[in-house]
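The structure file model14.cif is reproduced below (mmCIF, C-alpha atoms).
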data_coords
loop_
_atom_site.label_atom_id
_atom_site.label_comp_id
_atom_site.auth_asym_id
_atom_site.auth_seq_id
_atom_site.Cartn_x
_atom_site.Cartn_y
_atom_site.Cartn_z
CA MET A 247 63.28 162.06 204.42
CA ASP A 248 62.58 164.86 201.98
CA ASP A 249 64.94 167.64 203.11
CA GLY A 250 63.46 170.15 200.69
CA SER A 251 65.97 169.50 197.92
CA SER A 252 63.26 167.86 195.82
CA GLY A 253 61.56 171.24 195.48
CA ARG A 254 58.48 170.24 197.47
CA ARG A 255 57.30 172.92 199.82
CA PRO A 256 53.99 174.23 201.16
CA PRO A 257 52.47 176.74 198.74
CA PHE A 258 52.11 180.38 199.65
CA ASP A 259 48.65 181.68 200.39
CA PRO A 260 47.42 183.14 197.05
CA GLU A 261 46.74 186.57 198.52
CA LEU A 262 50.17 186.66 200.14
CA ARG A 263 51.93 185.38 197.03
CA ALA A 264 50.73 188.43 195.14
CA GLY A 265 52.52 190.70 197.60
CA LEU A 266 55.89 188.95 197.65
CA ALA A 267 57.27 190.96 194.72
CA VAL A 268 56.60 194.18 196.62
CA VAL A 269 58.15 192.80 199.81
CA GLY A 270 61.32 191.84 197.93
CA GLY A 271 62.15 195.48 197.29
CA VAL A 272 62.56 196.06 201.02
CA PHE A 273 63.50 192.60 202.25
CA PRO A 274 65.24 190.44 199.62
CA PRO A 275 64.77 186.68 200.04
CA THR A 276 68.50 186.00 200.41
CA ILE A 277 70.61 188.18 202.70
CA THR A 278 74.38 187.79 202.57
CA PRO A 279 76.94 189.69 204.67
CA ASP A 280 77.43 192.31 201.96
CA LEU A 281 73.75 193.30 202.30
CA ILE A 282 73.82 194.07 206.03
CA GLY A 283 74.38 197.80 205.39
CA PHE A 284 71.50 197.91 202.90
CA MET A 285 69.20 196.10 205.33
CA ARG A 286 70.06 198.51 208.13
CA ARG A 287 68.79 201.32 205.92
CA SER A 288 65.79 199.59 204.34
CA TYR A 289 64.53 197.87 207.51
CA ALA A 290 64.94 200.84 209.83
CA GLY A 291 61.77 201.61 211.72
CA PRO A 292 59.55 204.48 210.58
CA PRO A 293 59.75 207.89 212.26
CA LEU A 294 58.00 207.96 215.62
CA GLU A 295 55.50 210.58 214.48
CA MET A 296 54.41 208.25 211.67
CA LEU A 297 53.95 205.35 214.08
CA LEU A 298 51.85 207.47 216.42
CA ALA A 299 49.70 209.26 213.81
CA GLY A 300 46.07 209.02 214.88
CA ARG A 301 46.88 207.06 218.04
CA ALA A 302 46.06 208.21 221.59
CA ILE A 303 49.45 207.15 222.92
CA LEU A 304 52.03 208.99 225.01
CA THR A 305 55.75 208.23 224.68
CA GLU A 306 58.98 208.89 226.47
CA ASP A 307 62.54 207.77 225.86
CA ARG A 308 64.51 206.17 228.66
CA VAL A 309 68.11 205.06 228.98
CA PHE A 310 68.76 201.67 230.56
CA PRO A 311 72.00 199.87 231.40
CA GLY A 312 72.69 197.06 228.96
CA ALA A 313 75.29 194.37 229.47
CA GLY A 314 78.35 195.72 231.22
CA GLY A 315 76.52 198.94 232.07
CA HIS A 316 76.54 200.17 228.44
CA GLU A 317 73.77 202.75 228.01
CA LEU A 318 71.00 201.75 225.60
CA LEU A 319 67.73 203.37 224.56
CA ALA A 320 64.17 202.29 225.24
CA THR A 321 60.93 203.99 224.25
CA VAL A 322 57.95 203.65 226.58
CA PHE A 323 54.44 203.80 225.10
CA ARG A 324 51.38 204.41 227.30
CA PRO A 325 47.70 204.97 226.54
CA GLU A 326 46.76 208.61 227.04
CA SER A 327 43.88 207.60 229.30
CA ALA A 328 45.86 205.20 231.48
CA THR A 329 45.82 205.65 235.25
CA GLY A 330 47.62 203.62 237.87
CA LEU A 331 49.80 200.63 237.12
CA ARG A 332 49.13 198.74 233.88
CA PRO A 333 50.23 195.42 232.39
CA GLY A 334 53.65 195.75 230.79
CA VAL A 335 55.18 194.26 227.66
CA LEU A 336 58.91 194.32 226.99
CA PHE A 337 59.35 194.13 223.21
CA VAL A 338 62.45 192.84 221.38
CA HIS A 339 62.55 193.84 217.72
CA SER A 340 63.18 191.68 214.66
CA GLY A 341 66.00 191.98 212.13
CA GLY A 342 67.93 188.74 211.91
CA LEU A 343 70.22 189.76 214.81
CA MET A 344 71.94 192.20 212.42
CA PHE A 345 69.54 195.09 211.72
CA GLY A 346 66.30 196.70 212.86
CA ASP A 347 65.66 199.06 215.77
CA ARG A 348 63.14 199.63 218.53
CA PHE A 349 60.59 201.02 216.04
CA SER A 350 60.84 198.12 213.54
CA GLY A 351 57.64 196.07 213.24
CA LEU A 352 56.03 198.03 216.05
CA ASP A 353 52.58 198.65 214.53
CA ARG A 354 51.14 195.38 215.80
CA MET A 355 52.48 195.93 219.31
CA LEU A 356 51.07 199.46 219.51
CA GLU A 357 47.62 197.95 219.04
CA PHE A 358 48.04 196.32 222.45
CA VAL A 359 48.64 199.77 223.94
CA GLU A 360 45.47 201.14 222.34
CA ASP A 361 43.19 198.13 222.70
CA LEU A 362 44.36 196.51 225.93
CA GLY A 363 45.86 199.44 227.78
CA VAL A 364 49.32 197.96 228.24
CA VAL A 365 52.53 199.86 228.81
CA LEU A 366 54.90 198.86 226.00
CA ILE A 367 58.66 199.17 226.42
CA SER A 368 60.53 198.71 223.14
CA ILE A 369 64.29 198.45 223.45
CA GLU A 370 67.47 198.74 221.46
CA TYR A 371 70.01 195.97 221.82
CA ARG A 372 73.45 195.75 220.28
CA LEU A 373 73.61 194.05 216.91
CA ALA A 374 75.89 191.45 215.32
CA PRO A 375 78.39 191.17 213.78
CA GLU A 376 79.91 194.19 215.55
CA TYR A 377 78.50 192.87 218.82
CA PRO A 378 78.39 189.06 218.68
CA ASP A 379 77.06 186.70 221.32
CA PRO A 380 76.60 187.25 224.23
CA TYR A 381 75.98 190.99 223.76
CA PRO A 382 72.46 190.88 222.24
CA ARG A 383 71.05 188.34 224.70
CA ASP A 384 72.76 189.97 227.68
CA ASP A 385 71.36 193.36 226.65
CA VAL A 386 67.84 191.92 226.47
CA TYR A 387 68.13 190.24 229.85
CA ALA A 388 69.52 193.45 231.34
CA ALA A 389 66.49 195.28 229.93
CA LEU A 390 64.16 192.76 231.57
CA GLU A 391 65.80 193.25 234.96
CA TRP A 392 65.69 197.03 234.49
CA VAL A 393 61.96 197.02 233.72
CA ALA A 394 61.24 194.81 236.73
CA SER A 395 63.36 196.98 239.04
CA ARG A 396 61.67 200.19 237.80
CA ALA A 397 58.16 198.78 237.43
CA ASP A 398 56.43 201.41 239.58
CA ASP A 399 58.28 204.25 237.89
CA LEU A 400 57.41 202.88 234.45
CA GLY A 401 53.77 202.38 235.43
CA VAL A 402 53.93 198.58 235.09
CA ARG A 403 52.24 195.92 237.18
CA LEU A 404 55.00 193.50 238.05
CA ASP A 405 52.53 190.59 238.20
CA ARG A 406 51.46 191.36 234.62
CA LEU A 407 54.85 191.67 232.94
CA LEU A 408 55.36 189.86 229.62
CA ILE A 409 58.22 189.60 227.19
CA ALA A 410 57.52 189.66 223.46
CA GLY A 411 59.63 189.42 220.35
CA ALA A 412 59.41 188.82 216.62
CA SER A 413 61.78 186.69 214.54
CA ALA A 414 65.27 187.27 215.97
CA GLY A 415 63.59 189.19 218.78
CA GLY A 416 61.39 186.16 219.44
CA GLY A 417 64.45 184.00 219.94
CA LEU A 418 66.05 186.57 222.22
CA ALA A 419 62.80 186.87 224.18
CA ALA A 420 62.62 183.09 224.66
CA GLY A 421 66.26 183.09 225.74
CA ALA A 422 65.57 185.83 228.29
CA ALA A 423 62.65 183.82 229.70
CA LEU A 424 64.99 180.83 230.12
CA ALA A 425 67.60 183.02 231.79
CA ALA A 426 65.03 184.57 234.14
CA ARG A 427 63.99 181.10 235.28
CA ASP A 428 67.56 179.89 235.77
CA ARG A 429 68.82 183.04 237.52
CA GLY A 430 65.84 183.61 239.75
CA GLY A 431 65.03 186.74 237.76
CA PRO A 432 61.73 188.51 237.07
CA ARG A 433 58.71 186.22 237.07
CA LEU A 434 57.03 186.65 233.70
CA ARG A 435 53.32 186.42 233.05
CA GLY A 436 53.93 185.14 229.52
CA GLN A 437 56.14 185.10 226.44
CA LEU A 438 54.84 186.15 223.04
CA LEU A 439 57.03 184.59 220.34
CA ASP A 440 56.15 185.63 216.80
CA TYR A 441 57.80 183.33 214.20
CA PRO A 442 60.82 183.04 216.50
CA MET A 443 64.42 182.45 215.37
CA LEU A 444 65.39 179.64 217.75
CA ASP A 445 67.88 177.23 216.20
CA ASP A 446 71.34 177.94 214.78
CA ARG A 447 71.89 174.41 213.50
CA GLY A 448 69.78 174.69 210.35
CA THR A 449 68.84 171.01 210.24
CA THR A 450 65.05 171.15 210.04
CA ARG A 451 63.15 170.22 206.92
CA SER A 452 61.49 173.62 206.72
CA THR A 453 64.91 175.31 206.74
CA HIS A 454 65.84 173.47 203.55
CA GLN A 455 62.51 174.00 201.82
CA PHE A 456 63.08 177.71 201.24
CA ASP A 457 66.11 178.87 199.27
CA GLY A 458 65.85 182.16 197.40
CA ILE A 459 62.11 182.33 197.93
CA GLY A 460 59.78 184.03 200.38
CA VAL A 461 61.19 186.18 203.18
CA TRP A 462 64.32 185.13 205.11
CA ASP A 463 65.59 181.97 203.45
CA ARG A 464 68.18 179.38 204.50
CA ILE A 465 71.18 181.46 203.43
CA SER A 466 69.81 184.53 205.23
CA ASN A 467 69.47 182.43 208.36
CA GLU A 468 73.04 181.22 208.11
CA THR A 469 74.17 184.82 207.63
CA GLY A 470 72.39 185.92 210.80
CA TRP A 471 73.56 183.06 212.99
CA SER A 472 77.14 183.36 211.69
CA ALA A 473 77.14 187.07 212.47
CA LEU A 474 76.09 186.26 216.03
CA LEU A 475 78.09 183.09 216.70
CA GLY A 476 80.94 183.04 214.20
CA ASP A 477 82.59 179.63 213.88
CA ALA A 478 80.57 178.33 216.85
CA ARG A 479 77.40 178.23 214.70
CA GLY A 480 76.08 174.68 214.56
CA GLY A 481 78.72 173.41 216.98
CA PRO A 482 78.40 171.94 220.48
CA ASP A 483 79.09 175.08 222.52
CA VAL A 484 76.18 177.40 221.72
CA SER A 485 74.20 178.65 224.72
CA PRO A 486 70.45 177.95 224.89
CA TYR A 487 70.04 181.60 225.90
CA ALA A 488 71.27 182.49 222.39
CA ALA A 489 69.56 179.60 220.56
CA PRO A 490 66.66 178.42 222.73
CA ALA A 491 66.02 175.33 220.57
CA ARG A 492 69.10 173.92 222.28
CA ALA A 493 67.50 174.06 225.73
CA THR A 494 67.08 170.57 227.20
CA ASP A 495 64.90 171.67 230.13
CA LEU A 496 61.75 173.63 229.32
CA ARG A 497 60.07 173.19 232.70
CA ASP A 498 58.67 176.08 234.72
CA LEU A 499 58.61 178.60 231.90
CA PRO A 500 55.88 181.23 231.45
CA PRO A 501 52.96 180.46 229.13
CA ALA A 502 53.92 180.93 225.50
CA PHE A 503 52.09 182.08 222.42
CA ILE A 504 53.92 180.93 219.29
CA ASP A 505 52.81 181.74 215.76
CA VAL A 506 54.52 180.93 212.49
CA GLY A 507 53.72 180.44 208.81
CA SER A 508 53.67 177.02 207.17
CA ALA A 509 55.70 178.42 204.25
CA GLU A 510 58.76 179.68 206.11
CA ILE A 511 61.97 178.22 207.48
CA PHE A 512 61.10 178.74 211.15
CA ARG A 513 58.02 176.49 210.97
CA ASP A 514 59.59 173.30 212.29
CA GLU A 515 61.68 174.84 215.07
CA ALA A 516 58.65 176.80 216.32
CA VAL A 517 56.53 173.63 216.37
CA ALA A 518 59.32 171.71 218.12
CA PHE A 519 59.66 174.41 220.78
CA ALA A 520 55.93 174.34 221.52
CA ASP A 521 56.07 170.55 221.68
CA GLY A 522 58.98 170.76 224.13
CA LEU A 523 56.99 173.10 226.37
CA TRP A 524 54.02 170.72 226.37
CA ASN A 525 56.20 167.71 227.09
CA ALA A 526 57.76 169.59 230.02
CA GLY A 527 54.29 170.14 231.48
CA GLY A 528 54.10 173.76 230.36
CA HIS A 529 51.54 175.81 228.50
CA ALA A 530 51.91 176.87 224.89
CA GLU A 531 49.43 178.07 222.31
CA LEU A 532 50.72 177.32 218.82
CA HIS A 533 49.36 178.59 215.52
CA VAL A 534 50.79 177.54 212.16
CA TRP A 535 49.22 179.74 209.49
CA PRO A 536 48.70 177.92 206.18
CA GLY A 537 50.61 179.49 203.31
CA GLY A 538 52.15 182.18 205.47
CA PHE A 539 55.64 183.43 204.66
CA HIS A 540 57.92 184.86 207.33
CA ALA A 541 56.50 187.97 209.08
CA PHE A 542 53.56 188.16 206.69
CA ASP A 543 51.55 190.11 209.25
CA ILE A 544 54.13 192.92 209.05
CA PHE A 545 54.62 192.91 205.29
CA ALA A 546 51.01 192.24 204.24
CA PRO A 547 48.75 193.27 207.15
CA HIS A 548 45.75 193.86 204.88
CA THR A 549 45.38 190.18 203.88
CA ALA A 550 42.84 187.82 205.39
CA LEU A 551 45.51 185.51 206.82
CA SER A 552 47.28 188.45 208.51
CA ARG A 553 44.05 189.73 210.00
CA GLY A 554 43.38 186.29 211.45
CA MET A 555 46.87 186.10 212.92
CA ILE A 556 46.62 189.55 214.48
CA GLN A 557 43.18 188.89 215.99
CA THR A 558 44.24 185.53 217.41
CA ARG A 559 47.37 186.99 218.99
CA ARG A 560 45.36 189.82 220.54
CA ALA A 561 42.83 187.36 221.98
CA TRP A 562 45.60 185.38 223.69
CA MET A 563 47.06 188.55 225.16
CA ALA A 564 43.67 189.70 226.45
CA ARG A 565 43.04 186.33 228.14
CA LEU A 566 46.48 186.26 229.72
CA LEU A 567 46.21 189.76 231.14
CA ALA A 568 42.69 189.35 232.51
CA ASP A 569 42.42 189.41 236.28
#

Could the structure of this file be written out as structure tokens, please?
Amino acid sequence: MDDGSSGRRPPFDPELRAGLAVVGGVFPPTITPDLIGFMRRSYAGPPLEMLLAGRAILTEDRVFPGAGGHELLATVFRPESATGLRPGVLFVHSGGLMFGDRFSGLDRMLEFVEDLGVVLISIEYRLAPEYPDPYPRDDVYAALEWVASRADDLGVRLDRLLIAGASAGGGLAAGAALAARDRGGPRLRGQLLDYPMLDDRGTTRSTHQFDGIGVWDRISNETGWSALLGDARGGPDVSPYAAPARATDLRDLPPAFIDVGSAEIFRDEAVAFADGLWNAGGHAELHVWPGGFHAFDIFAPHTALSRGMIQTRRAWMARLLAD
């Protein structure tokens, strides 16, 4: 089997390839532990007023109890015109488990607030390596239980509650959906998993096809998983709530939307997770975007491929939330 060492890999979409040099100034292809501080500065979310410019959206900050009762921040976004209870989306941000905040990569999610009238709750969770597993996943699950327990107060319809996440947040969202099933927790309407980070073992072909190229390469992935799991990375004792690709039972999970680029390391694990859901009798909608690098919709939203991804994701959300 070609493990990627031969240099063969899917080509980048020509329009996206032209933007990679610009992306590299903010998000270098290879992230090593010495770059975590830089990434926390460069990948910090924009100021709230910039995110909301020109949008008819109301916001409020809330404090919720994370794992062990530790107080964490959430920001709630509502359409100005909203009345009554609305569908709710709990959003888990990206950042390789090591950086990012509740405003990182939020533009695409705010479109759901404007276009579909959802209440969006974007949360902070504690980051590795200062807070290794199980802190991040336990914080996310605690946030899910908090939203469900305060649904009326937050203006959320409990029968229309979804969890969503991108990259590392996608993996944490999938882990929270597994935990909710296993613990008899909140019943989710769906799980939106954008190019999710699911597998700490690093054995897929797509993982080895991208070294020092694109966005978030093999070494970056090892850096993130090592920050979270330490010496347990790749070993037998990693929880499926931390690395959902390890789950052996994918029955009775909420419908999933999974999107990923063909030219990124998460391609194969995303495809395998969708396949596992189908084989367990579940529902998954999978899109593999040809020539897409990791998170291309965030870094190059103006391109044709990004517009297609964004429109397709929105259509799934609209169908799922329809009465």

- Task: Give the answer as one residue: which of A:Pro260, A:Gly537, A:Pro482, A:Pro380 has the shortest atom-to-atom distance to Gly421 of chain A, using only C-alpha atoms?
- Result: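 Smallest distance to Gly421 of chain A is found for A:Pro380.
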
Under the rule of at most 10 Å, produce a per-residue listing of segment 288-402 of chain A near segment 433-444 of chain A: chain, number, name, the closest pair of atoms, and the distance in Å, as JSON lines, using only C-alpha atoms.
{"residue": "A:Pro333", "atom": "CA", "partner": "A:Arg435", "partner_atom": "CA", "distance": 9.5}
{"residue": "A:Gly334", "atom": "CA", "partner": "A:Arg435", "partner_atom": "CA", "distance": 9.6}
{"residue": "A:Val335", "atom": "CA", "partner": "A:Gln437", "partner_atom": "CA", "distance": 9.3}
{"residue": "A:Leu336", "atom": "CA", "partner": "A:Gln437", "partner_atom": "CA", "distance": 9.6}
{"residue": "A:Phe337", "atom": "CA", "partner": "A:Leu438", "partner_atom": "CA", "distance": 9.2}
{"residue": "A:Val338", "atom": "CA", "partner": "A:Leu439", "partner_atom": "CA", "distance": 9.9}
{"residue": "A:Ser340", "atom": "CA", "partner": "A:Pro442", "partner_atom": "CA", "distance": 9.1}
{"residue": "A:Gly342", "atom": "CA", "partner": "A:Met443", "partner_atom": "CA", "distance": 8.0}
{"residue": "A:Leu343", "atom": "CA", "partner": "A:Met443", "partner_atom": "CA", "distance": 9.3}
{"residue": "A:Leu390", "atom": "CA", "partner": "A:Leu434", "partner_atom": "CA", "distance": 9.6}
{"residue": "A:Ala394", "atom": "CA", "partner": "A:Arg433", "partner_atom": "CA", "distance": 9.0}

- Which of A:Ala541, A:Val364, A:Met555, A:Ala473 sits closest to Pro325 of chain A [using only C-alpha atoms]: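 That would be A:Val364, the residue with the smallest distance to Pro325 of chain A.
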
- Query: Hey, what comes out of the PyMOL selection byres ((chain A and resi 315) around 12) on this file? Could you write it as a ChimeraX atom specification?
  - Reply: /A:309-314,316-318,381,384-385,388-389,392

Residue selection dump (C-alpha atoms) as a compact mmCIF listing (two decimals), in the frame of the given file:
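The resulting file, part.txt, is shown below:
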# COMPACT_ATOMS: atom_id res chain seq x y z
CA VAL A 309 68.11 205.06 228.98
CA PHE A 310 68.76 201.67 230.56
CA PRO A 311 72.00 199.87 231.40
CA GLY A 312 72.69 197.06 228.96
CA ALA A 313 75.29 194.37 229.47
CA GLY A 314 78.35 195.72 231.22
CA HIS A 316 76.54 200.17 228.44
CA GLU A 317 73.77 202.75 228.01
CA LEU A 318 71.00 201.75 225.60
CA TYR A 381 75.98 190.99 223.76
CA ASP A 384 72.76 189.97 227.68
CA ASP A 385 71.36 193.36 226.65
CA ALA A 388 69.52 193.45 231.34
CA ALA A 389 66.49 195.28 229.93
CA TRP A 392 65.69 197.03 234.49

- Among the residues A:Phe503, A:Tyr371, A:Phe519, A:Tyr387, the one that comes closest to Glu531 of chain A [using only C-alpha atoms]: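 Checking each candidate against Glu531 of chain A, we get A:Phe503 as the closest.
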
- Message: Starting from the PyMOL selection byres ((chain A and resi 356) around 10), expand the selection into actual residues of this file and give them as a PyMOL selection string.
- Response: chain A and resi 297-298+301+303+323-325+351-355+357-366

- Message: Would you pick out the contacts of Asp543 of chain A at 8 Å or less, using all atoms listed in the file, so that residues sharing its chain but fewer than 3 positions from it are not included, and give the list as a VMD selection string?
- Response: chain A and resid 546 to 547 551 to 553 555 to 556

- Query: Counting only C-alpha atoms, what is within 8 Å of Val506 of chain A, bar same-chain residues fewer than 6 positions away, as a list in words?
  - Reply: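 Everything that qualifies: Asp440, Tyr441, Pro442, Phe512, Arg513, Ala516, His533, Val534, Trp535, Gly538 and His540 of chain A.
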
- Item | Long-range neighbours of Phe345 of chain A as a list in words, 8 Å cut-off, only C-alpha atoms, 6 positions minimum in chain | Ile282, Met285, Arg286, Tyr289, Ala290 and Leu373 of chain A

- Item | For Ala302 of chain A: contacts at 7 Å, only C-alpha atoms, fewer than 2 positions along chain excluded, given as a PyMOL selection string | chain A and resi 300+304+325-326

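Using all atoms listed in the file, the smallest distance between any of A:Glu510, A:Glu391, A:Asp259, A:Asp280 and Arg451 of chain A comes from A:Glu510.
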
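Selection around (61.4, 172.5, 204.7) with radius 8 Å, counting only C-alpha atoms, yields the residues Asp249, Gly250, Arg255, Thr450, Arg451, Ser452, Thr453, His454, Gln455, Phe456, Glu510, Ile511 and Asp514 of chain A.
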
Pull C-alpha atoms from the residues just selected and write them as an mmCIF file, in the coordinates of the input.
data_model
loop_
_atom_site.group_PDB
_atom_site.id
_atom_site.type_symbol
_atom_site.label_atom_id
_atom_site.label_comp_id
_atom_site.auth_asym_id
_atom_site.auth_seq_id
_atom_site.Cartn_x
_atom_site.Cartn_y
_atom_site.Cartn_z
ATOM 1 C CA ASP A 249 64.940 167.640 203.110
ATOM 2 C CA GLY A 250 63.460 170.150 200.690
ATOM 3 C CA ARG A 255 57.300 172.920 199.820
ATOM 4 C CA THR A 450 65.050 171.150 210.040
ATOM 5 C CA ARG A 451 63.150 170.220 206.920
ATOM 6 C CA SER A 452 61.490 173.620 206.720
ATOM 7 C CA THR A 453 64.910 175.310 206.740
ATOM 8 C CA HIS A 454 65.840 173.470 203.550
ATOM 9 C CA GLN A 455 62.510 174.000 201.820
ATOM 10 C CA PHE A 456 63.080 177.710 201.240
ATOM 11 C CA GLU A 510 58.760 179.680 206.110
ATOM 12 C CA ILE A 511 61.970 178.220 207.480
ATOM 13 C CA ASP A 514 59.590 173.300 212.290
#

- Item | Who sits within 8 Å of Phe539 of chain A, only C-alpha atoms, same chain under 3 positions skipped, as a list in words |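 Counting only C-alpha atoms, the residues come to Phe258, Leu262, Gly460, Val461, Gly507, Ser508, Ala509, Glu510 and Phe542 of chain A.
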
- Asp445 of chain A proximity check over A:Ala518, A:Ala561, A:Ile465, A:Val386, using all atoms listed in the file: winner is A:Ala518

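Nearest residue to Leu567 of chain A, choosing from A:Leu408, A:Ile459, A:Gly522, A:Arg429 and counting only C-alpha atoms: A:Leu408.
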
- Query: Taking the file as shown, what set of residues would the PyMOL selection byres ((chain A and resi 474) around 10) give back, as a PyMOL selection string?
  - Reply: chain A and resi 342-344+373-382+446+468-473+475-479+488

- Correct to one decimal, the distance atom CA of Asp498 of chain A-atom CA of Arg427 of chain A is 7.3 Å

Can I get C-alpha atoms for segment 439-515 of chain A, as a PDB file, in the first residue's frame?
ATOM      1  CA  LEU A 439     -18.625  17.527  12.093  1.00  0.00           C
ATOM      2  CA  ASP A 440     -16.485  19.750   9.891  1.00  0.00           C
ATOM      3  CA  TYR A 441     -13.205  18.027   8.895  1.00  0.00           C
ATOM      4  CA  PRO A 442     -13.128  16.369  12.318  1.00  0.00           C
ATOM      5  CA  MET A 443      -9.986  15.329  14.224  1.00  0.00           C
ATOM      6  CA  LEU A 444     -10.975  11.797  15.226  1.00  0.00           C
ATOM      7  CA  ASP A 445      -7.989   9.450  15.396  1.00  0.00           C
ATOM      8  CA  ASP A 446      -4.839   9.747  17.504  1.00  0.00           C
ATOM      9  CA  ARG A 447      -3.135   6.730  15.940  1.00  0.00           C
ATOM     10  CA  GLY A 448      -1.975   8.418  12.737  1.00  0.00           C
ATOM     11  CA  THR A 449      -2.085   5.266  10.621  1.00  0.00           C
ATOM     12  CA  THR A 450      -4.259   6.326   7.693  1.00  0.00           C
ATOM     13  CA  ARG A 451      -2.874   6.836   4.227  1.00  0.00           C
ATOM     14  CA  SER A 452      -4.079  10.426   4.101  1.00  0.00           C
ATOM     15  CA  THR A 453      -2.181  11.196   7.319  1.00  0.00           C
ATOM     16  CA  HIS A 454       1.076  10.233   5.621  1.00  0.00           C
ATOM     17  CA  GLN A 455       0.351  12.014   2.357  1.00  0.00           C
ATOM     18  CA  PHE A 456       0.772  15.484   3.821  1.00  0.00           C
ATOM     19  CA  ASP A 457       4.053  16.453   5.468  1.00  0.00           C
ATOM     20  CA  GLY A 458       5.025  20.120   5.453  1.00  0.00           C
ATOM     21  CA  ILE A 459       2.304  20.977   2.974  1.00  0.00           C
ATOM     22  CA  GLY A 460      -1.213  22.354   3.157  1.00  0.00           C
ATOM     23  CA  VAL A 461      -2.764  23.182   6.523  1.00  0.00           C
ATOM     24  CA  TRP A 462      -2.268  20.914   9.559  1.00  0.00           C
ATOM     25  CA  ASP A 463       0.133  18.195   8.469  1.00  0.00           C
ATOM     26  CA  ARG A 464       1.156  14.885  10.057  1.00  0.00           C
ATOM     27  CA  ILE A 465       3.614  16.444  12.509  1.00  0.00           C
ATOM     28  CA  SER A 466       1.057  19.056  13.566  1.00  0.00           C
ATOM     29  CA  ASN A 467      -1.397  16.260  14.237  1.00  0.00           C
ATOM     30  CA  GLU A 468       1.112  14.386  16.365  1.00  0.00           C
ATOM     31  CA  THR A 469       1.807  17.606  18.274  1.00  0.00           C
ATOM     32  CA  GLY A 470      -1.883  18.083  19.037  1.00  0.00           C
ATOM     33  CA  TRP A 471      -2.589  14.512  20.077  1.00  0.00           C
ATOM     34  CA  SER A 472       0.580  14.351  22.188  1.00  0.00           C
ATOM     35  CA  ALA A 473      -0.411  17.558  23.964  1.00  0.00           C
ATOM     36  CA  LEU A 474      -3.758  15.981  24.806  1.00  0.00           C
ATOM     37  CA  LEU A 475      -2.744  12.381  25.524  1.00  0.00           C
ATOM     38  CA  GLY A 476       0.963  12.426  26.315  1.00  0.00           C
ATOM     39  CA  ASP A 477       2.571   8.989  26.155  1.00  0.00           C
ATOM     40  CA  ALA A 478      -0.860   7.359  25.756  1.00  0.00           C
ATOM     41  CA  ARG A 479      -1.100   8.637  22.153  1.00  0.00           C
ATOM     42  CA  GLY A 480      -1.435   5.697  19.784  1.00  0.00           C
ATOM     43  CA  GLY A 481      -1.590   3.192  22.633  1.00  0.00           C
ATOM     44  CA  PRO A 482      -4.381   0.859  23.755  1.00  0.00           C
ATOM     45  CA  ASP A 483      -5.882   2.991  26.529  1.00  0.00           C
ATOM     46  CA  VAL A 484      -7.270   6.044  24.733  1.00  0.00           C
ATOM     47  CA  SER A 485     -10.960   6.767  25.317  1.00  0.00           C
ATOM     48  CA  PRO A 486     -13.308   6.927  22.311  1.00  0.00           C
ATOM     49  CA  TYR A 487     -14.728  10.094  23.875  1.00  0.00           C
ATOM     50  CA  ALA A 488     -11.320  11.694  23.230  1.00  0.00           C
ATOM     51  CA  ALA A 489     -10.623   9.955  19.887  1.00  0.00           C
ATOM     52  CA  PRO A 490     -13.988   8.879  18.440  1.00  0.00           C
ATOM     53  CA  ALA A 491     -12.363   6.817  15.664  1.00  0.00           C
ATOM     54  CA  ARG A 492     -11.681   4.287  18.412  1.00  0.00           C
ATOM     55  CA  ALA A 493     -15.380   3.754  19.119  1.00  0.00           C
ATOM     56  CA  THR A 494     -16.432   0.176  18.330  1.00  0.00           C
ATOM     57  CA  ASP A 495     -20.174   0.816  18.658  1.00  0.00           C
ATOM     58  CA  LEU A 496     -21.666   3.601  16.558  1.00  0.00           C
ATOM     59  CA  ARG A 497     -25.299   2.564  16.955  1.00  0.00           C
ATOM     60  CA  ASP A 498     -28.035   4.964  18.036  1.00  0.00           C
ATOM     61  CA  LEU A 499     -26.116   8.154  17.382  1.00  0.00           C
ATOM     62  CA  PRO A 500     -27.699  11.349  16.026  1.00  0.00           C
ATOM     63  CA  PRO A 501     -27.583  12.003  12.270  1.00  0.00           C
ATOM     64  CA  ALA A 502     -24.198  13.310  11.212  1.00  0.00           C
ATOM     65  CA  PHE A 503     -23.016  15.722   8.564  1.00  0.00           C
ATOM     66  CA  ILE A 504     -19.323  15.166   7.834  1.00  0.00           C
ATOM     67  CA  ASP A 505     -17.304  17.230   5.379  1.00  0.00           C
ATOM     68  CA  VAL A 506     -13.613  17.074   4.608  1.00  0.00           C
ATOM     69  CA  GLY A 507     -11.164  17.906   1.828  1.00  0.00           C
ATOM     70  CA  SER A 508      -9.565  15.242  -0.343  1.00  0.00           C
ATOM     71  CA  ALA A 509      -6.167  16.946   0.118  1.00  0.00           C
ATOM     72  CA  GLU A 510      -5.885  16.844   3.905  1.00  0.00           C
ATOM     73  CA  ILE A 511      -4.857  14.352   6.547  1.00  0.00           C
ATOM     74  CA  PHE A 512      -8.321  13.932   8.069  1.00  0.00           C
ATOM     75  CA  ARG A 513      -9.828  12.610   4.824  1.00  0.00           C
ATOM     76  CA  ASP A 514      -9.581   8.901   5.570  1.00  0.00           C
ATOM     77  CA  GLU A 515     -10.644   9.011   9.209  1.00  0.00           C
TER      78      GLU A 515
END
